[in-house]
Amino acid sequence: MHAKSKVNADSTELAKFERNAHRWWDTQGEFKPLHDINPLRLDYIDRRARLKGKQVLDVGCGGGILAEGMTRKGARVTGIDLGDAALTAARSHATESGLAIEYRNIPVEELAAAQPGSFDVVTCMEMLEHVPDPATAIFACTRVAKPGGHVFFSTINRSPKSFLFAILGAEYVLDMLPKGTHEYARFIRPAELARWARDARLDLVHIAGMSYNFITRSYKLTGDVTVNYLAHAVKG
Ligand code: SAH
């Protein structure tokens, strides 16, 4: 097992998710926004990487919302996270749903060192903004992908609008997320993500905004990357 001291993870951040782990599959609960954006990101990934028959690694998989969606699209998915309660919720939900998904508690850096170049597609959604050293996590996501493989990230931009919408709006006004879910300073600008990707020899080929419409209470893909955004990269 991994030496905890070297792991690129923040126990305070992990604890925020572990506390609510029994609610991973409550579509009206703390993780509602992840359920709401799931069809959108699943479709984006499938259109760009053709999931059917692919070996996929979902990094920071939580309760398996995206991992299950990708499995239903025909991918063979492994989900990794450092939250045991999340993994327990993910495993039992997959069993209930009759889906074969492998879930493991292992840091992406460790898996990448043990099995470099082994996945066609790597997804890492809504995790980088909770990790102490996102550049190292991006490097590991790249390392574990096959040459020519697809790597997808989603995170939150650091902008006045994201402070207003992702923190004040979502946590304090609309009560969509538990207070303290996100820390503004950890948000990641697209230019930072692009630099870290470049350093990892990853070509960032597309970025799309995911905007929340407060009237219809639904998400759509837009060109506005000032709050939530998705990025598609290819390993050279
Ligand atoms: N990717 C999932 C869950 C996002 S919530 C989705 O989009 O549906 C963030 C998840 O990241 C939590 O499950 C949390 O346990 C996990 N996480 C946070 N830091 C991590 C780290 N350093 N390594 C692996 N998982 C981490």
# chains A, B, ... in the order shown; residues from 1 in each chain; ligands from 1
>>> residues_near_ligand(ligand="ligand 1", cutoff="7 Å", atoms="only C-alpha atoms and all ligand atoms", output="number ranges by chain")
A: 8-10, 13-14, 17-18, 34, 59-66, 80-83, 86, 107-108, 124-127, 130-131
>>> write_last_selection(atoms="C-alpha atoms", output="tab-separated table (two decimals), in the first residue's frame")
chain	number	residue	atom	x	y	z
A	8	ASN	CA	-0.67	13.96	-3.45
A	9	ALA	CA	-3.91	14.38	-1.49
A	10	ASP	CA	-5.36	16.64	1.17
A	13	GLU	CA	-10.55	17.80	1.21
A	14	LEU	CA	-11.09	14.02	1.18
A	17	PHE	CA	-16.56	13.98	0.46
A	18	GLU	CA	-16.35	11.04	2.83
A	34	LEU	CA	-22.64	15.91	-10.49
A	59	VAL	CA	-9.49	9.17	-11.45
A	60	GLY	CA	-11.22	10.54	-8.34
A	61	CYS	CA	-14.31	8.54	-9.27
A	62	GLY	CA	-16.26	9.23	-6.08
A	63	GLY	CA	-19.44	7.13	-5.96
A	64	GLY	CA	-19.07	6.16	-9.61
A	65	ILE	CA	-21.56	8.50	-11.30
A	66	LEU	CA	-19.40	8.94	-14.42
A	80	ILE	CA	-9.88	4.99	-8.40
A	81	ASP	CA	-10.34	7.28	-5.42
A	82	LEU	CA	-8.79	7.74	-1.98
A	83	GLY	CA	-12.12	7.76	-0.16
A	86	ALA	CA	-17.00	6.59	-1.70
A	107	PRO	CA	-3.29	7.25	-5.87
A	108	VAL	CA	-3.10	7.92	-9.61
A	124	CYS	CA	-10.39	13.14	-14.03
A	125	MET	CA	-13.49	15.17	-13.26
A	126	GLU	CA	-14.02	17.74	-10.53
A	127	MET	CA	-10.97	16.50	-8.64
A	130	HIS	CA	-9.19	19.41	-4.37
A	131	VAL	CA	-5.59	18.22	-4.84
>>> residues_around(residues="stretch 215-226 of chain A", least_positions_apart="2", cutoff="8 Å", atoms="only C-alpha atoms", output="PyMOL selection string")
chain A and resi 36-37+40+156-159+161-162+190+207-213+228-229
>>> write_last_selection(atoms="N, CA and C atoms", output="compact mmCIF listing (two decimals), in the first residue's frame")
# COMPACT_ATOMS: atom_id res chain seq x y z
N ASP A 36 -26.49 16.06 -12.33
CA ASP A 36 -27.06 16.94 -13.36
C ASP A 36 -26.13 17.13 -14.55
N ILE A 37 -24.82 17.22 -14.29
CA ILE A 37 -23.89 17.45 -15.42
C ILE A 37 -23.48 16.14 -16.10
N LEU A 40 -24.23 15.40 -19.89
CA LEU A 40 -23.49 16.35 -20.73
C LEU A 40 -22.03 15.93 -20.90
N ILE A 156 -12.87 23.97 -12.14
CA ILE A 156 -13.50 25.28 -12.05
C ILE A 156 -12.45 26.37 -12.22
N ASN A 157 -12.76 27.33 -13.05
CA ASN A 157 -11.86 28.46 -13.31
C ASN A 157 -11.75 29.36 -12.07
N ARG A 158 -10.64 30.08 -11.99
CA ARG A 158 -10.48 31.06 -10.89
C ARG A 158 -10.74 32.44 -11.47
N SER A 159 -11.96 32.89 -11.33
CA SER A 159 -12.37 34.17 -11.92
C SER A 159 -13.39 34.83 -10.98
N LYS A 161 -16.28 35.68 -11.66
CA LYS A 161 -17.57 35.03 -11.90
C LYS A 161 -17.67 33.67 -11.21
N SER A 162 -16.55 32.94 -11.14
CA SER A 162 -16.62 31.63 -10.48
C SER A 162 -16.78 31.81 -8.97
N PRO A 190 -7.78 28.06 -17.07
CA PRO A 190 -7.47 27.25 -18.26
C PRO A 190 -6.01 27.39 -18.70
N ILE A 207 -11.47 22.93 -25.26
CA ILE A 207 -12.01 23.31 -23.94
C ILE A 207 -13.45 23.77 -24.14
N ALA A 208 -14.34 23.34 -23.27
CA ALA A 208 -15.74 23.77 -23.36
C ALA A 208 -16.22 24.20 -21.98
N GLY A 209 -17.00 25.23 -21.95
CA GLY A 209 -17.60 25.67 -20.69
C GLY A 209 -18.84 24.84 -20.39
N MET A 210 -19.12 24.65 -19.10
CA MET A 210 -20.38 24.02 -18.70
C MET A 210 -21.12 25.07 -17.88
N SER A 211 -22.16 25.61 -18.48
CA SER A 211 -22.84 26.71 -17.79
C SER A 211 -24.16 26.25 -17.19
N TYR A 212 -24.41 26.77 -16.01
CA TYR A 212 -25.65 26.45 -15.31
C TYR A 212 -26.64 27.56 -15.54
N ASN A 213 -27.81 27.16 -15.99
CA ASN A 213 -28.87 28.14 -16.19
C ASN A 213 -29.75 28.15 -14.93
N ASN A 228 -17.37 26.62 -14.67
CA ASN A 228 -17.03 25.20 -14.84
C ASN A 228 -16.58 24.94 -16.28
N TYR A 229 -15.54 24.14 -16.45
CA TYR A 229 -15.15 23.78 -17.82
C TYR A 229 -14.59 22.37 -17.91
>>> atom_distance(atom1="atom CA of A:Val56", atom2="atom CA of A:Leu128")
18.2 Å
>>> select_by_dssp(residues="chain A", states="strand (DSSP E)", output="tab-separated table (two decimals) with C-alpha atoms, in the first residue's frame")
chain	number	residue	atom	x	y	z
A	55	GLN	CA	-10.14	0.64	-21.39
A	56	VAL	CA	-10.96	3.62	-19.22
A	57	LEU	CA	-9.54	4.91	-15.95
A	58	ASP	CA	-11.70	7.31	-13.93
A	59	VAL	CA	-9.49	9.17	-11.45
A	76	ARG	CA	-14.35	-1.30	-19.47
A	77	VAL	CA	-13.89	1.04	-16.56
A	78	THR	CA	-11.59	1.11	-13.54
A	79	GLY	CA	-12.42	3.78	-10.96
A	80	ILE	CA	-9.88	4.99	-8.40
A	81	ASP	CA	-10.34	7.28	-5.42
A	102	GLU	CA	-13.30	-2.33	-10.86
A	103	TYR	CA	-12.89	0.13	-7.98
A	104	ARG	CA	-9.56	0.62	-6.22
A	105	ASN	CA	-8.14	2.81	-3.49
A	119	PHE	CA	-5.53	3.08	-20.63
A	120	ASP	CA	-7.15	4.30	-23.85
A	121	VAL	CA	-9.06	6.98	-21.99
A	122	VAL	CA	-8.39	8.68	-18.65
A	123	THR	CA	-10.99	10.92	-17.03
A	124	CYS	CA	-10.39	13.14	-14.03
A	125	MET	CA	-13.49	15.17	-13.26
A	145	ALA	CA	-2.68	6.73	-20.66
A	146	LYS	CA	-1.56	4.88	-23.80
A	147	PRO	CA	0.32	6.89	-26.41
A	148	GLY	CA	-2.40	8.54	-28.50
A	149	GLY	CA	-4.85	8.07	-25.63
A	150	HIS	CA	-7.46	10.59	-24.59
A	151	VAL	CA	-7.33	12.45	-21.29
A	152	PHE	CA	-10.26	14.51	-20.01
A	153	PHE	CA	-10.32	16.96	-17.13
A	154	SER	CA	-13.02	19.12	-15.67
A	155	THR	CA	-12.56	21.73	-13.01
A	156	ILE	CA	-13.50	25.28	-12.05
A	202	LEU	CA	-0.23	16.39	-23.39
A	203	ASP	CA	-1.93	18.28	-26.24
A	204	LEU	CA	-4.94	20.19	-25.04
A	205	VAL	CA	-7.20	19.97	-28.08
A	206	HIS	CA	-10.49	21.43	-26.84
A	207	ILE	CA	-12.01	23.31	-23.94
A	208	ALA	CA	-15.74	23.77	-23.36
A	209	GLY	CA	-17.60	25.67	-20.69
A	210	MET	CA	-20.38	24.02	-18.70
A	211	SER	CA	-22.84	26.71	-17.79
A	212	TYR	CA	-25.65	26.45	-15.31
A	213	ASN	CA	-28.87	28.14	-16.19
A	218	SER	CA	-29.96	22.74	-16.12
A	219	TYR	CA	-26.46	22.69	-17.62
A	220	LYS	CA	-25.30	23.09	-21.18
A	221	LEU	CA	-21.98	23.24	-23.02
A	222	THR	CA	-20.96	26.77	-23.94
A	228	ASN	CA	-17.03	25.20	-14.84
A	229	TYR	CA	-15.15	23.78	-17.82
A	230	LEU	CA	-14.21	20.51	-19.50
A	231	ALA	CA	-10.96	19.89	-21.32
A	232	HIS	CA	-10.03	17.22	-23.85
A	233	ALA	CA	-6.37	16.37	-24.34
A	234	VAL	CA	-4.46	13.79	-26.36
A	235	LYS	CA	-1.22	12.13	-25.32
>>> select_by_dssp(residues="chain A", states="helix (DSSP H, G or I)", output="number ranges by chain")
A: 4-6, 11-19, 21-23, 32-49, 65-72, 84-97, 108-114, 128-130, 134-143, 160-173, 184-186, 190-199
>>> atom_distance(atom1="atom CA of A:Ile106", atom2="atom CA of A:Ala49")
24.6 Å
>>> atom_distance(atom1="atom CA of A:His22", atom2="atom CA of A:His35")
14.8 Å
>>> closest_residue(among="A:Ala15, A:Pro33, A:Leu99, A:Glu68", to="A:Ala166", atoms="only C-alpha atoms")
A:Pro33
>>> decode(residues="stretch 46-72 of chain A", atoms="N, CA, C and O atoms", output="compact mmCIF listing (two decimals), in the first residue's frame")
# COMPACT_ATOMS: atom_id res chain seq x y z
N ASP A 46 -17.80 10.68 -24.95
CA ASP A 46 -18.11 9.63 -25.93
C ASP A 46 -17.95 10.13 -27.36
O ASP A 46 -17.45 9.41 -28.23
N ARG A 47 -18.35 11.35 -27.61
CA ARG A 47 -18.22 11.91 -28.96
C ARG A 47 -16.75 12.04 -29.34
O ARG A 47 -16.37 11.84 -30.48
N ARG A 48 -15.90 12.41 -28.37
CA ARG A 48 -14.50 12.69 -28.67
C ARG A 48 -13.60 11.45 -28.58
O ARG A 48 -12.55 11.43 -29.21
N ALA A 49 -14.00 10.46 -27.78
CA ALA A 49 -13.10 9.31 -27.57
C ALA A 49 -13.72 7.96 -27.91
O ALA A 49 -13.04 6.95 -27.82
N ARG A 50 -15.02 7.94 -28.31
CA ARG A 50 -15.68 6.68 -28.69
C ARG A 50 -15.46 5.60 -27.63
O ARG A 50 -14.58 4.74 -27.77
N LEU A 51 -16.28 5.64 -26.60
CA LEU A 51 -16.03 4.81 -25.42
C LEU A 51 -16.18 3.29 -25.63
O LEU A 51 -15.53 2.51 -24.93
N LYS A 52 -16.99 2.89 -26.57
CA LYS A 52 -17.29 1.46 -26.73
C LYS A 52 -16.00 0.63 -26.89
O LYS A 52 -15.18 0.92 -27.76
N GLY A 53 -15.84 -0.34 -26.01
CA GLY A 53 -14.69 -1.25 -26.10
C GLY A 53 -13.39 -0.69 -25.54
O GLY A 53 -12.38 -1.38 -25.55
N LYS A 54 -13.42 0.53 -25.04
CA LYS A 54 -12.19 1.16 -24.56
C LYS A 54 -11.88 0.80 -23.10
O LYS A 54 -12.80 0.57 -22.30
N GLN A 55 -10.59 0.80 -22.78
CA GLN A 55 -10.14 0.64 -21.39
C GLN A 55 -10.08 2.03 -20.79
O GLN A 55 -9.31 2.88 -21.28
N VAL A 56 -10.86 2.27 -19.78
CA VAL A 56 -10.96 3.62 -19.22
C VAL A 56 -10.58 3.66 -17.75
O VAL A 56 -10.97 2.77 -16.97
N LEU A 57 -9.84 4.68 -17.37
CA LEU A 57 -9.54 4.91 -15.95
C LEU A 57 -10.22 6.20 -15.52
O LEU A 57 -10.02 7.25 -16.13
N ASP A 58 -11.05 6.11 -14.46
CA ASP A 58 -11.70 7.31 -13.93
C ASP A 58 -11.02 7.65 -12.60
O ASP A 58 -11.14 6.92 -11.62
N VAL A 59 -10.31 8.76 -12.60
CA VAL A 59 -9.49 9.17 -11.45
C VAL A 59 -10.30 10.10 -10.54
O VAL A 59 -10.84 11.11 -11.00
N GLY A 60 -10.39 9.76 -9.26
CA GLY A 60 -11.22 10.54 -8.34
C GLY A 60 -12.68 10.27 -8.65
O GLY A 60 -13.49 11.17 -8.79
N CYS A 61 -13.00 8.97 -8.75
CA CYS A 61 -14.31 8.54 -9.27
C CYS A 61 -15.47 8.78 -8.32
O CYS A 61 -16.63 8.72 -8.73
N GLY A 62 -15.19 9.05 -7.05
CA GLY A 62 -16.26 9.23 -6.08
C GLY A 62 -17.17 8.02 -6.04
O GLY A 62 -16.69 6.87 -6.06
N GLY A 63 -18.48 8.23 -6.03
CA GLY A 63 -19.44 7.13 -5.96
C GLY A 63 -19.69 6.45 -7.29
O GLY A 63 -20.55 5.56 -7.38
N GLY A 64 -18.99 6.87 -8.34
CA GLY A 64 -19.07 6.16 -9.61
C GLY A 64 -20.12 6.69 -10.60
O GLY A 64 -20.52 5.97 -11.51
N ILE A 65 -20.52 7.94 -10.42
CA ILE A 65 -21.56 8.50 -11.30
C ILE A 65 -21.11 8.46 -12.77
O ILE A 65 -21.84 7.99 -13.64
N LEU A 66 -19.91 8.94 -13.04
CA LEU A 66 -19.40 8.94 -14.42
C LEU A 66 -18.96 7.54 -14.84
O LEU A 66 -19.20 7.11 -15.97
N ALA A 67 -18.34 6.80 -13.92
CA ALA A 67 -17.85 5.45 -14.24
C ALA A 67 -19.01 4.56 -14.71
O ALA A 67 -18.87 3.81 -15.69
N GLU A 68 -20.16 4.66 -14.05
CA GLU A 68 -21.31 3.85 -14.48
C GLU A 68 -21.80 4.28 -15.85
O GLU A 68 -22.11 3.44 -16.71
N GLY A 69 -21.85 5.57 -16.08
CA GLY A 69 -22.29 6.08 -17.38
C GLY A 69 -21.38 5.58 -18.49
O GLY A 69 -21.85 5.16 -19.56
N MET A 70 -20.07 5.61 -18.25
CA MET A 70 -19.12 5.17 -19.29
C MET A 70 -19.23 3.67 -19.52
O MET A 70 -19.08 3.20 -20.65
N THR A 71 -19.50 2.91 -18.45
CA THR A 71 -19.67 1.46 -18.58
C THR A 71 -20.89 1.16 -19.43
O THR A 71 -20.86 0.29 -20.31
N ARG A 72 -21.96 1.91 -19.21
CA ARG A 72 -23.18 1.71 -20.02
C ARG A 72 -22.95 2.04 -21.49
O ARG A 72 -23.66 1.55 -22.37
